[in-house]
Structure formats: structure tokens, C-alpha cells
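Enquirer: A single structure is presented below for examination.
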Amino acid sequence: MKFSYKWLQEFLPIEISANDFCNRLTMFGLEVEEITDMGAALDNIVVGKIEKINEHPNADKLSVCMVDVGEDSSLQIICGAPNIEENQKVPVAEIGAKLGENEITSVKLRGVKSYGMICSEKELNLSEDHSGIMVLNESLNVGTQLAKALELDDYIIEVEVTPNRPDLLGILGIARESAAMLEKDYSNPATIITEVATPASELISVNIKNSELCSRYTARVIKDVKVKPSPLWLQKKLRSVGMRPINNIVDVTNYILMEQGHPIHAFDLDKVEDNKIIVRQAEKGEKITLLDEETYKLNPNNLVIADSKKPMALAGIMGGTNSSINQKTTDIVLECACFNALNIRNTSRELKVESDSSYRFERIMDPNRLKEIINRTAYLIQQTAGGKITKGVVDNYPEKIKPKKITLRPERANDLLKTDIKTEIMRHYLENLELEVISKDNVLEVTIPTFRPDITREIDLIEEISRSYGYNNIDSSYDIERIENSHKRIMQRKMRNFLVNQGFYEVCNLSFSSQQELDRLQISEDHKLRNAADLKNPLGDHFSIMRTTLIPDLLQNIAHNLSQNFQNFKLFELNKVYFQFNNNTEEAIHLTGSLVGNYFESYWKEEQDKVDFFDVKGIVECLLNNIFELQENFIDFSHTAQPYYANNLGAEIKFKNKFIGSLGKINRDVLIEYDIEEPVWLFDLDFSSIFALLPKEKFNYEPISKFPSLIRDAALVAPKAVPVAEIVDIITSVKPDLIKNVELFDVYEGEQIDEQHRSLAFRIEFQSKEKTLTDKYVDKIFDKIIDELDDKKKITLRR
């Protein structure tokens with residue numbers, strides 16, 4: 001969005017330099033991308049008058065012009081523009097002037113000297129028009145600096161307007177924003193309309209066929225206008241923002257576009273068949289020639305403004321040539337409307353036609369300002385083209401859009417911003433932005449005007465307060481929030497690494513499932529797994545809930561791999577499951593693994609065994625003992641009632657009597673549901689429950705002993721009823737500070753041992769943190785260990 005600093009000052013008194021203003025505007029949240037000093041760019045460019053034109057002796061398309069620039073003698077300038085005429089006043093770049101990167105010097109063109117350059121609007125960076133030289137107003141004085149003559153001693157400021165701020169696409173919106181920033185009042189332009197008695201509704205009617213594509217359409221009729229060049233002030237305004245003046249009617253609509261930020265269009269009333277305006281979707285194959293002189297083939301996805309017989313404009317994008325304003329036009333109808341942003345965007349992309357109008361309508365324009373804008377347009381046309389404004393506005397507004405209300409908690413705002421802004425100050429900031437505010441029960445009830453579609457939540461109001469307060473006035477802070485438990489993450493990584501080392505492949509499935517999948521697992525209606533969170537907008541019946549178990553997806557993975565002739569494989573998934581209890585959704589992490597076929601890959605030297613119960617149990621024990629470091633004597637495997645396991649081939653796992661998972665062989669009926677013919681073994685661990693059982697105390701680190709250890713082996717004859725864990729506890733209890741480790745390395749039952757006993761061989765490691773242990777000292781401890789075992793459990797040293 002480009003705007004003139006001088007033009008802005010007509011609505012808002014600004015007492016700081018343009019550079020300071022731009023810096024403040026950027027810090028207020030409206031980023032300034034570029035600021036151009038128009039006067040500096042036009043140095044050494046003056047108003048000249050073409051006195052005489054001669055043909056170039058060596059070039060048919062070049063002319064030799066004698067140009068008066070207010071000096072003692074005229075300049076000889078070679079020009080190739082097709083529209084030059086004698087006595088025209090034109091912009092002349094004298095020697096030394098810079099046009100972009102190029103400096104004007106005296107040159108020879110086909111043998112004739114040229115001492116300057118007559119410029120087009122594009123060469124002066126005033127517009128994109130380079131069809132010919134720029135022709136100036138006759139009233140300008142020869143020799144005057146062009147910047148002064150055109151009142152271009154101004155700054156052109158370009159700001160980046162985000163798509164959610166369409167209110168800033170006009171100078172009036174910039175003035176409103178700047179007034180809040182500078183704590184000043186801005187003025188709305190005057191609009192005083194003199195109407196004739198004839199009602200506009202007698203001259204034009206408006207019919208909206210689809211209110212979803214056009215939320216409001218207003219029209220005004222002005223009769224007996226005179227189409228002619230615009231007054232100089234209007235031309236200067238348009239040129240200052242890069243627009244080319246055309247005629248007074250079109251120029252006013254472009255002026256309103258830049259001033260109000262809302263597109264407006266004018267039709268020749270005599271070209272509107274039956275005086276009817278119909279806003280409708282185009283018919284298939286319908287064609288229209290637009291003002292860019294290109295013909296477009298339309299379809300029902302395109303919205304058009306039509307009369308009773310033909311389309312007259314591509315709604316919100318560009319007008320058609322069959323209803324355009326020309327020198328013969330006397331009666332006009334003004335259009336000010338609101339169209340569906342998505343439809344305009346799609347049509348613009350589809351037909352590859354863009355305009356200043358489509359750029360704005362692709363945002364959400366305000367439908368509640370249309371009367372104000374169309375009246376302002378009618379007023380300016382009356383001032384520049386004369387005419388009679390007929391009575392009233394023809395207004396078709398099917399469903400009025402009302403301002404929304406949002407509650408702001410000042411305490412919440414201060415908490416987020418880490419500030420101590422008083423409630424009245426917050427209210428002042430919001431009212432400066434033209435938001436209506438009512439204080440009520442320690443909160444602020446804020447009514448959001450429809451020109452601010454970006455404000456939809458309380459946090460948006462807090463953002464408005466923060467930029468009004470000043471981002472630089474808010475203390476920087478960095479709060480470290482440890483959302484992720486690093487210990488949990490490390491445990492998950494260890495589990496993954498362990499299973500991959502055991503030959504497993506990890507899979508990752510979608511979190512969506514269905515109740516039908518639970519039916520296939522034979523899950524009863526009162527089972528915990530039925531407490532699923534329903535999706536409000538599911539992709540389909542098969543994705544209607546958040547999954548409560550990973551088993552169905554894993555079985556589908558198995559079926560797919562078997563169908564691809566993979567016979568021996570192991571899969572696992574470590575992922576979240578979700579449960580719904582009393583409108584609260586709970587998440588848990590599960591580890592589910594499956595084994596199919598042989599445990600190991602084929603190996604020529606050894607015969608491979610099929611996976612069995614003890615293979616799965618061994619993997620689970622390794623996970624629980626080695627990864628989670630759960631004490632083995634507190635882990636219990638018992639019969640499970642889970643319906644998807646085969647009878648007597650499933651077990652539930654408990655730690656200290658708390659359920660932490662299950663394992664077993666999937667029953668045949670379930671496998672048939674998934675078209676699986678091979679046996680499938682599975683384990684399902686509730687990682688979240690296991691992690692909750694782990695000790696929460698911090699790790700204590702001890703230095704490694706610098707003294708050597710001594711090893712003693714003991715072959716013991718023990719009753720079979722005595723668990724190994726009890727024997728280890730007795731051995732360790734004799735001298736816990738010196739007995740570093742007790743390891744069982746052999747078990748024997750045979751002829752030399754009676755049936756009620758077994759031989760257990762232990763390796764006992766002794767080590768002190770304070771001194772080197774002697775053999776004599778360790779032997780005494782060893783003898784005491786043997787005595788303790790004999791006294792407590794009748795365990796003797798094997799001879």
C-alpha cells in the first residue's frame with residue numbers, strides 16, 4: 001500500500017518528520033517497507049514548452065524539438081514519442097538529471113545532438129504509463145522545477161499491509177491508525193450532497209441472486225454529468241500514488257479507492273438494459289470483454305454484474321467495455337458493493353486477471369460503510385463533473401452483519417504482557433482505535449467494528465493494547481517452560497533402540513480409528529477401550545474416533561506385510577492413545593509390539609524356531625528389567641481376560657499389583673477379521689503407567705572406587721523352594737558396604753544332588769571405597785556368609 005505523506009496530512013496534522021513518522025509507524029505494527037523523497041527524485045527536471053518540431057534528417061521515427069526551459073536559449077532535444085505537439089508543456093530532464101540509475105548527458109542520436117530528454121510518466125516513476133510523453137497542464141510556468149509545479153515535493157510511503165487488515169488499504173484507514181499512534185484526532189472528509197427530487201429507485205433496480213457471493217450492493221444515479229479531464233488537484237493526487245488520470249468520473253472512483261480503501265465502479269446508465277442491475281453467477285461459456293480489452297470465457301464459478309441481457313462487469317475485479325464511461329456519457333450509475341473474498345480470489349487466479357479492486361476484495365471488506373463511501377463518491381463527481389444526484393441510495397442488504405463483542409480481562413492482559421497497565425489506560429487505547437468499550441465487573445466489554453475483521457478473540461485485543469502501549473516499553477523476558485520430560489524422552493529412545501537391536505521395525509499409524517475396529521477385536525461395550533473421544537468432523541466412518549489401542553493398526557500392518565510375501569518379521573509402535581472420561585480427554589503412551597514367523601532370520605547353520613510365548617515374555621522382561629530397571633520380584637505374570645488373546649496363551653502384567661500391560665497370542669477369530677493366516681504374538685505395554693511407577697527422586701552419583709575388588713565363587717546346595725532373590729539378599733546383608741555385586745552363573749540338578757535341592761553357583765564381588773581388601777579379611781566375610789545361609793535357610797557349601 002503506497003500513500004502520499006502530504007495527502008495523509010490533509011486528514012491528520014503530523015508535526016514530526018517523515019522519517020520519524022515512519023519509524024513510529026513500524027513500531028506501532030504497520031511496517032514501512034520504503035520511503036521515497038519525490039522531490040529528490042525529480043532534481044534537474046523542469047517544466048518545458050515545445051516551441052518547434054522538425055523532422056530528424058536521418059530517422060523517420062525521431063523528431064528534433066526546440067524546447068523552452070526558461071533559460072536564455074532553447075534546448076535541442078531528440079524525441080521519439082508519438083504524441084508530441086508544438087506548444088505542449090512537458091517535463092524536461094536537463095543534463096545532470098538522474099532517472100533511476102541513468103544520468104542525462106548530451107548525446108548524438110543518428111548524427112544530431114540532443115541536450116536533454118522529454119519524459120514519460122513511467123520514466124519519472126509517476127505511473128506505469130509509457131505510451132508517450134507526459135503532457136502537463138497549460139497553467140504551469142516554464143522553467144519551474146517539476147516537483148514544485150506538480151506539488152510532488154512529497155514523500156511516498158509504502159507499507160506492508162497483512163491480509164487480515166483490509167482497513168489499512170486506504171489513506172483514511174492509515175489516518176485512523178496514525179491518529180491512535182500519535183494520540184491525535186483525525187478528520188473525515190466532508191460530504192454534502194444536494195439531491196434532486198427524482199428517486200434513484202425509479203431509474204435503477206438491484207437484484208442479488210446469491211447473497212453468499214454478494215453480501216451487499218448499493219447504487220446511486222447521477223444525471224447530466226460532463227465527462228472531461230479532471231481538475232489539476234485530482235490529477236496530482238492520483239499521480240502521487242502512481243495512478244494515471246483518465247477522466248473526471250474514472251479518476252474520482254480511483255481517488256475513492258485510495259482514500260477510502262474500498263473499490264467503487266461507475267457504469268454508463270444508458271448502456272444498462274432495462275435499467276436493471278443483476279448480481280449473478282455467469283452462465284457456462286458466457287463471454288465478456290473487460291477494460292483491459294481482453295475477452296474472457298466465463299463459467300458459473302465466476303460472479304458477474306449484469307443487466308437484463310448481458311454481463312457488464314466481472315464482479316469485484318474489472319468493468320466491461322460494454323458499459324464503460326466515455327466522452328458521450330451523460331448519466332451514470334455508481335456501484336459500491338461487498339463480494340465474497342474467496343470467490344474473487346479464485347476468479348482472479350482462474351482468469352489470470354488482477355486489479356487494485358480484486359486485491360482489496362480478496363480481503364474481507366466492510367459492508368457497513370458502503371453508503372458513506374458511495375455518498376462521498378457522488379459528492380466528488382458532482383464537484384468535478386456537475387450533474388444531478390437523484391434521491392436516495394438503492395440498497396440491497398439481504399442479511400445485515402453486526403459488530404461482534406469480546407470480553408477483555410485486564411488482569412489477563414497484564415499477566416501476559418508482564419506489565420501493570422491500568423484498566424482505564426487500556427480502555428483509552430482501545431477507544432483510540434474506534435472500538436466501543438464498556439467497563440463491567442472488572443472486565444471490559446468491547447464492541448468490534450466491522451472494519452476490523454482481524455479482531456476475533458481476547459488475545460487480539462491484548463495485542464492492540466501492547467502496540468498502543470509500545471513494544472519498546474514492554475520488558476523482555478524469557479520463561480523456560482519444560483513441557484517435555486527429558487527422562488521420559490530418554491526412556492522412549494532406549495526402548496526404541498532395544499527393540500531395533502532385537503530385529504524389530506518401527507511403524508507409525510494415524511491416531512484416528514473407529515468403533516468397528518474395536519468390534520473386530522471382540523471388545524465388549526463396557527470395556528475401557530470403548531471410552532473413545534469422538535471426532536466432530538471425521539474424514540469418514542473409519543476415522544470417527546481417536547484410537548484407544550494400537551493393536552488394530554498393528555494387525556493391519558501385519559496383514560499388509562504378509563500380503564507382500566514377508567513371512568518373518570517383528571513390528572512395534574510407540575505412540576499415544578486417547579480416552580474420553582466425563583468430557584475430559586486423557587492421553588497415554590503405549591508400546592505395542594508383534595512377532596510373526598521365526599524369531600531370527602534364516603541361517604544355514606541352525607534350524608530356526610517359531611516364535612512362542614517365552615520369546616515374547618523374554619522381550620517384555622528385558623524391557624521391564626533392563627530399560628525401566630523394575631525389580632524382577634515385583635513383576636507378576638498372570639492369566640488375562642482380554643478377548644483378543646487365545647485361551648491360556650495370554651497374560652496380563654502387573655508391577656506391585658498395578659496393571660501395566662499384557663502379552664499373548666492373538667486368537668484365531670480376530671486374525672480372520674484381518675485376513676491373517678499366520679500366528680501372531682503380541683505385547684502391549686502402558687508406558688505412561690510404567691513411567692509413573694518409577695522412582696521420582698533425583699539421581700545420586702558416587703565416585704568409582706579407586707581400590708581393587710576381590711572375587712569369590714560359591715557353589716551352594718539350596719532347597720528348591722528358596723528363591724534365588726532371597727539368597728542374594730542374605731549374602732548382601734552380611735556386609736552391604738563391601739559386597740558390590742552378587743551374580744548367579746550356574747544352576748545344577750542331577751544325580752549328586754537330592755531331588756529336594758539344587759546346586760547354585762554365585763560369584764561374589766567385594767570392594768571397599770576406603771582401602772584395599774586383603775584375602776584374609778575377605779575370607780572371614782565369606783565364612784560368615786556361609787554361616788548365615790546355613791542358619792537361615794539350611795543352605796550349605798557344596799563339597
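Chain labels run A, B, ... following the order of the C-alpha cells; each chain numbers its residues from 1, and ligands are numbered from 1 in the order shown.
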Give the strand (DSSP E) residues of stretch 348-546 of chain A, as DSSP finds them on the backbone, and put them as a tab-separated table (two decimals) with N, CA and C atoms, in the first residue's frame.
Expert:
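Generated output (out21.tsv):
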chain	number	residue	atom	x	y	z
A	388	LYS	N	-26.75	15.95	-11.62
A	388	LYS	CA	-27.82	15.96	-10.62
A	388	LYS	C	-27.85	14.60	-9.93
A	389	ILE	N	-27.68	14.62	-8.62
A	389	ILE	CA	-27.71	13.37	-7.84
A	389	ILE	C	-29.15	13.06	-7.50
A	390	THR	N	-29.62	11.92	-7.97
A	390	THR	CA	-31.01	11.54	-7.70
A	390	THR	C	-31.17	11.13	-6.25
A	391	LYS	N	-32.40	11.13	-5.79
A	391	LYS	CA	-32.69	10.98	-4.37
A	391	LYS	C	-32.52	9.53	-3.89
A	394	VAL	N	-30.05	3.13	-3.71
A	394	VAL	CA	-30.67	1.82	-3.89
A	394	VAL	C	-29.78	0.80	-3.18
A	395	ASP	N	-30.32	0.21	-2.11
A	395	ASP	CA	-29.51	-0.60	-1.20
A	395	ASP	C	-30.11	-2.00	-1.05
A	396	ASN	N	-29.39	-3.01	-1.49
A	396	ASN	CA	-29.81	-4.40	-1.32
A	396	ASN	C	-28.86	-5.05	-0.33
A	404	LYS	N	-19.27	-7.70	16.41
A	404	LYS	CA	-19.18	-8.72	17.46
A	404	LYS	C	-18.66	-8.09	18.75
A	405	LYS	N	-18.89	-8.80	19.85
A	405	LYS	CA	-18.45	-8.32	21.16
A	405	LYS	C	-17.49	-9.32	21.78
A	406	ILE	N	-16.47	-8.78	22.43
A	406	ILE	CA	-15.44	-9.62	23.06
A	406	ILE	C	-15.20	-9.10	24.47
A	407	THR	N	-15.05	-10.01	25.43
A	407	THR	CA	-14.75	-9.63	26.81
A	407	THR	C	-13.24	-9.64	27.02
A	408	LEU	N	-12.74	-8.54	27.56
A	408	LEU	CA	-11.30	-8.42	27.86
A	408	LEU	C	-11.10	-8.39	29.36
A	436	GLU	N	-15.68	0.34	20.68
A	436	GLU	CA	-16.57	0.76	21.76
A	436	GLU	C	-16.30	-0.10	23.00
A	437	VAL	N	-16.11	0.57	24.14
A	437	VAL	CA	-15.71	-0.15	25.36
A	437	VAL	C	-16.65	0.22	26.50
A	438	ILE	N	-17.10	-0.81	27.23
A	438	ILE	CA	-17.92	-0.62	28.43
A	438	ILE	C	-17.27	-1.38	29.58
A	439	SER	N	-17.02	-0.68	30.71
A	439	SER	CA	-16.46	-1.34	31.89
A	439	SER	C	-17.57	-2.05	32.65
A	440	LYS	N	-17.29	-3.31	33.04
A	440	LYS	CA	-18.33	-4.10	33.69
A	440	LYS	C	-17.70	-5.22	34.50
A	443	VAL	N	-14.12	-6.32	34.10
A	443	VAL	CA	-13.75	-6.68	32.73
A	443	VAL	C	-14.19	-5.56	31.80
A	444	LEU	N	-13.72	-5.61	30.57
A	444	LEU	CA	-14.11	-4.63	29.57
A	444	LEU	C	-14.88	-5.36	28.47
A	445	GLU	N	-16.12	-4.90	28.22
A	445	GLU	CA	-16.91	-5.42	27.11
A	445	GLU	C	-16.62	-4.57	25.88
A	446	VAL	N	-16.00	-5.16	24.87
A	446	VAL	CA	-15.52	-4.41	23.70
A	446	VAL	C	-16.34	-4.79	22.48
A	447	THR	N	-16.91	-3.77	21.81
A	447	THR	CA	-17.63	-3.99	20.56
A	447	THR	C	-16.68	-3.72	19.41
A	448	ILE	N	-16.51	-4.72	18.54
A	448	ILE	CA	-15.54	-4.62	17.45
A	448	ILE	C	-16.23	-4.14	16.19
A	504	PHE	N	13.34	-55.59	15.45
A	504	PHE	CA	12.01	-55.00	15.23
A	504	PHE	C	12.12	-53.82	14.26
A	505	TYR	N	11.01	-53.58	13.55
A	505	TYR	CA	10.86	-52.38	12.72
A	505	TYR	C	9.77	-51.52	13.34
A	506	GLU	N	10.04	-50.21	13.42
A	506	GLU	CA	9.04	-49.31	14.00
A	506	GLU	C	8.05	-48.86	12.92
A	512	PHE	N	-6.37	-41.81	14.24
A	512	PHE	CA	-7.81	-41.97	14.07
A	512	PHE	C	-8.18	-43.44	13.92
A	513	SER	N	-9.33	-43.80	14.43
A	513	SER	CA	-9.79	-45.18	14.33
A	513	SER	C	-11.32	-45.17	14.28
A	545	ILE	N	-13.12	-41.77	15.53
A	545	ILE	CA	-12.72	-41.63	16.93
A	545	ILE	C	-11.20	-41.53	17.02
A	546	MET	N	-10.73	-41.05	18.17
A	546	MET	CA	-9.31	-41.13	18.48
A	546	MET	C	-9.04	-42.53	19.05
Enquirer: Any chance you could list, as number ranges by chain, the residues in stretch 171-260 of chain A that come up helix (DSSP H, G or I) when DSSP is run on the backbone?
Expert: A: 171-182, 200-202, 232-240, 248-260
Enquirer: Please save N, CA, C and O atoms of the selected residues as a short mmCIF file (atom, residue, chain, number, x, y, z; two decimals), in the first residue's frame.
Expert:
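File produced: again_19.cif:
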data_model
loop_
_atom_site.label_atom_id
_atom_site.label_comp_id
_atom_site.auth_asym_id
_atom_site.auth_seq_id
_atom_site.Cartn_x
_atom_site.Cartn_y
_atom_site.Cartn_z
N ILE A 171 -6.09 5.60 2.55
CA ILE A 171 -5.42 6.64 3.33
C ILE A 171 -6.22 6.97 4.59
O ILE A 171 -5.65 7.27 5.64
N LEU A 172 -7.54 6.88 4.52
CA LEU A 172 -8.36 7.16 5.70
C LEU A 172 -8.08 6.13 6.81
O LEU A 172 -8.03 6.48 7.99
N GLY A 173 -7.88 4.88 6.43
CA GLY A 173 -7.52 3.85 7.41
C GLY A 173 -6.15 4.10 8.01
O GLY A 173 -5.94 3.91 9.21
N ILE A 174 -5.20 4.54 7.17
CA ILE A 174 -3.86 4.90 7.68
C ILE A 174 -3.97 6.07 8.65
O ILE A 174 -3.29 6.12 9.68
N ALA A 175 -4.84 7.03 8.32
CA ALA A 175 -5.03 8.20 9.19
C ALA A 175 -5.61 7.77 10.53
O ALA A 175 -5.19 8.26 11.59
N ARG A 176 -6.58 6.85 10.52
CA ARG A 176 -7.18 6.36 11.76
C ARG A 176 -6.12 5.67 12.63
O ARG A 176 -6.04 5.90 13.83
N GLU A 177 -5.30 4.85 12.00
CA GLU A 177 -4.25 4.13 12.72
C GLU A 177 -3.21 5.11 13.26
O GLU A 177 -2.76 5.00 14.41
N SER A 178 -2.80 6.06 12.43
CA SER A 178 -1.78 7.03 12.83
C SER A 178 -2.28 7.94 13.95
O SER A 178 -1.51 8.33 14.83
N ALA A 179 -3.56 8.28 13.92
CA ALA A 179 -4.14 9.11 14.98
C ALA A 179 -4.07 8.41 16.32
O ALA A 179 -3.76 9.03 17.35
N ALA A 180 -4.34 7.11 16.34
CA ALA A 180 -4.24 6.35 17.58
C ALA A 180 -2.79 6.30 18.05
O ALA A 180 -2.51 6.40 19.26
N MET A 181 -1.87 6.19 17.11
CA MET A 181 -0.45 6.14 17.46
C MET A 181 0.04 7.48 18.02
O MET A 181 0.80 7.51 19.00
N LEU A 182 -0.39 8.56 17.42
CA LEU A 182 0.10 9.90 17.80
C LEU A 182 -0.76 10.56 18.87
O LEU A 182 -0.48 11.69 19.28
N ALA A 200 -33.82 7.56 -7.00
CA ALA A 200 -32.90 6.68 -7.73
C ALA A 200 -33.55 5.33 -8.04
O ALA A 200 -33.28 4.71 -9.07
N SER A 201 -34.46 4.90 -7.17
CA SER A 201 -35.11 3.60 -7.34
C SER A 201 -35.99 3.54 -8.58
O SER A 201 -36.34 2.46 -9.06
N GLU A 202 -36.36 4.73 -9.13
CA GLU A 202 -37.15 4.75 -10.37
C GLU A 202 -36.26 4.57 -11.60
O GLU A 202 -36.75 4.28 -12.69
N LEU A 232 -6.77 19.77 -11.77
CA LEU A 232 -5.34 19.52 -11.52
C LEU A 232 -5.11 18.87 -10.15
O LEU A 232 -4.28 17.97 -10.01
N TRP A 233 -5.86 19.32 -9.12
CA TRP A 233 -5.63 18.78 -7.78
C TRP A 233 -5.89 17.27 -7.74
O TRP A 233 -5.19 16.52 -7.05
N LEU A 234 -6.90 16.84 -8.51
CA LEU A 234 -7.23 15.41 -8.53
C LEU A 234 -6.17 14.62 -9.30
O LEU A 234 -5.76 13.52 -8.87
N GLN A 235 -5.72 15.19 -10.40
CA GLN A 235 -4.66 14.52 -11.16
C GLN A 235 -3.39 14.37 -10.32
O GLN A 235 -2.73 13.33 -10.35
N LYS A 236 -3.06 15.42 -9.58
CA LYS A 236 -1.85 15.36 -8.74
C LYS A 236 -1.96 14.28 -7.67
O LYS A 236 -1.00 13.55 -7.38
N LYS A 237 -3.14 14.19 -7.08
CA LYS A 237 -3.35 13.17 -6.04
C LYS A 237 -3.12 11.77 -6.62
O LYS A 237 -2.45 10.93 -6.01
N LEU A 238 -3.70 11.51 -7.77
CA LEU A 238 -3.58 10.18 -8.37
C LEU A 238 -2.14 9.89 -8.79
O LEU A 238 -1.63 8.79 -8.58
N ARG A 239 -1.49 10.89 -9.38
CA ARG A 239 -0.11 10.69 -9.80
C ARG A 239 0.80 10.43 -8.60
O ARG A 239 1.78 9.68 -8.70
N SER A 240 0.48 11.03 -7.48
CA SER A 240 1.33 10.86 -6.30
C SER A 240 1.37 9.42 -5.81
O SER A 240 2.31 9.00 -5.16
N ASN A 248 -12.65 12.67 -15.44
CA ASN A 248 -13.09 13.05 -14.10
C ASN A 248 -13.90 11.95 -13.40
O ASN A 248 -13.77 11.74 -12.19
N ILE A 249 -14.75 11.21 -14.13
CA ILE A 249 -15.57 10.18 -13.49
C ILE A 249 -14.70 9.02 -13.00
O ILE A 249 -14.76 8.62 -11.83
N VAL A 250 -13.87 8.50 -13.91
CA VAL A 250 -12.99 7.38 -13.55
C VAL A 250 -11.98 7.80 -12.48
O VAL A 250 -11.69 7.04 -11.54
N ASP A 251 -11.48 9.03 -12.60
CA ASP A 251 -10.49 9.50 -11.63
C ASP A 251 -11.08 9.60 -10.22
O ASP A 251 -10.40 9.30 -9.23
N VAL A 252 -12.33 10.01 -10.12
CA VAL A 252 -12.96 10.08 -8.79
C VAL A 252 -13.09 8.68 -8.18
O VAL A 252 -12.83 8.49 -6.99
N THR A 253 -13.47 7.69 -9.01
CA THR A 253 -13.58 6.34 -8.46
C THR A 253 -12.22 5.82 -8.00
O THR A 253 -12.13 5.15 -6.96
N ASN A 254 -11.17 6.16 -8.74
CA ASN A 254 -9.82 5.75 -8.31
C ASN A 254 -9.38 6.51 -7.07
O ASN A 254 -8.70 5.97 -6.19
N TYR A 255 -9.78 7.79 -7.00
CA TYR A 255 -9.46 8.60 -5.82
C TYR A 255 -10.13 7.98 -4.57
O TYR A 255 -9.50 7.84 -3.52
N ILE A 256 -11.40 7.61 -4.71
CA ILE A 256 -12.11 6.99 -3.59
C ILE A 256 -11.46 5.67 -3.18
O ILE A 256 -11.34 5.34 -2.00
N LEU A 257 -11.01 4.90 -4.18
CA LEU A 257 -10.31 3.65 -3.90
C LEU A 257 -9.13 3.88 -2.97
O LEU A 257 -8.92 3.16 -1.99
N MET A 258 -8.34 4.92 -3.25
CA MET A 258 -7.15 5.20 -2.45
C MET A 258 -7.50 5.91 -1.14
O MET A 258 -6.85 5.67 -0.12
N GLU A 259 -8.51 6.75 -1.15
CA GLU A 259 -8.88 7.48 0.06
C GLU A 259 -9.60 6.57 1.05
O GLU A 259 -9.23 6.48 2.23
N GLN A 260 -10.64 5.89 0.59
CA GLN A 260 -11.48 5.09 1.49
C GLN A 260 -11.00 3.64 1.61
O GLN A 260 -11.39 2.94 2.54
#
Enquirer: I want to know what sits within 8 Å of A:Leu694, based on only C-alpha atoms, with residues of the same chain fewer than 3 positions away left out; could you give that as a CSV table (one decimal) with N, CA and C atoms, in the first residue's frame?
Expert:
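See result02.csv below for the written result:
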chain,number,residue,atom,x,y,z
A,628,PHE,N,13.5,-50.2,32.2
A,628,PHE,CA,12.9,-49.5,33.3
A,628,PHE,C,13.5,-49.8,34.6
A,630,LEU,N,12.9,-52.2,36.7
A,630,LEU,CA,11.9,-52.6,37.7
A,630,LEU,C,12.5,-53.9,38.3
A,690,ILE,N,3.8,-47.3,33.5
A,690,ILE,CA,5.1,-47.8,34.0
A,690,ILE,C,5.9,-46.6,34.4
A,691,PHE,N,5.9,-45.5,33.6
A,691,PHE,CA,6.8,-44.4,33.9
A,691,PHE,C,6.3,-43.7,35.3
Enquirer: Leaving out A:Glu677 and any residue of its chain fewer than 4 positions from it, which residues lie within 10 Å of it when counting only C-alpha atoms, given as a PyMOL selection string?
Expert: chain A and resi 559+562+668+671-672
Enquirer: Might you pull out every residue within 7 Å of A:Gly80, with only C-alpha atoms counted and same-chain residues fewer than 6 positions away left off, and present them as a short mmCIF file (atom, residue, chain, number, x, y, z; two decimals) with C-alpha atoms, in the first residue's frame?
Expert:
data_model
loop_
_atom_site.label_atom_id
_atom_site.label_comp_id
_atom_site.auth_asym_id
_atom_site.auth_seq_id
_atom_site.Cartn_x
_atom_site.Cartn_y
_atom_site.Cartn_z
CA LYS A 61 10.51 7.99 -36.14
CA LEU A 62 12.55 10.66 -34.36
CA SER A 63 11.82 14.38 -34.13
#
Enquirer: Please report the interatomic distance between atom CA of A:Ala197 and atom CA of A:Ala219 in Å with one decimal.
Expert: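 Pair atom CA of A:Ala197 / atom CA of A:Ala219 returns 16.6 Å.
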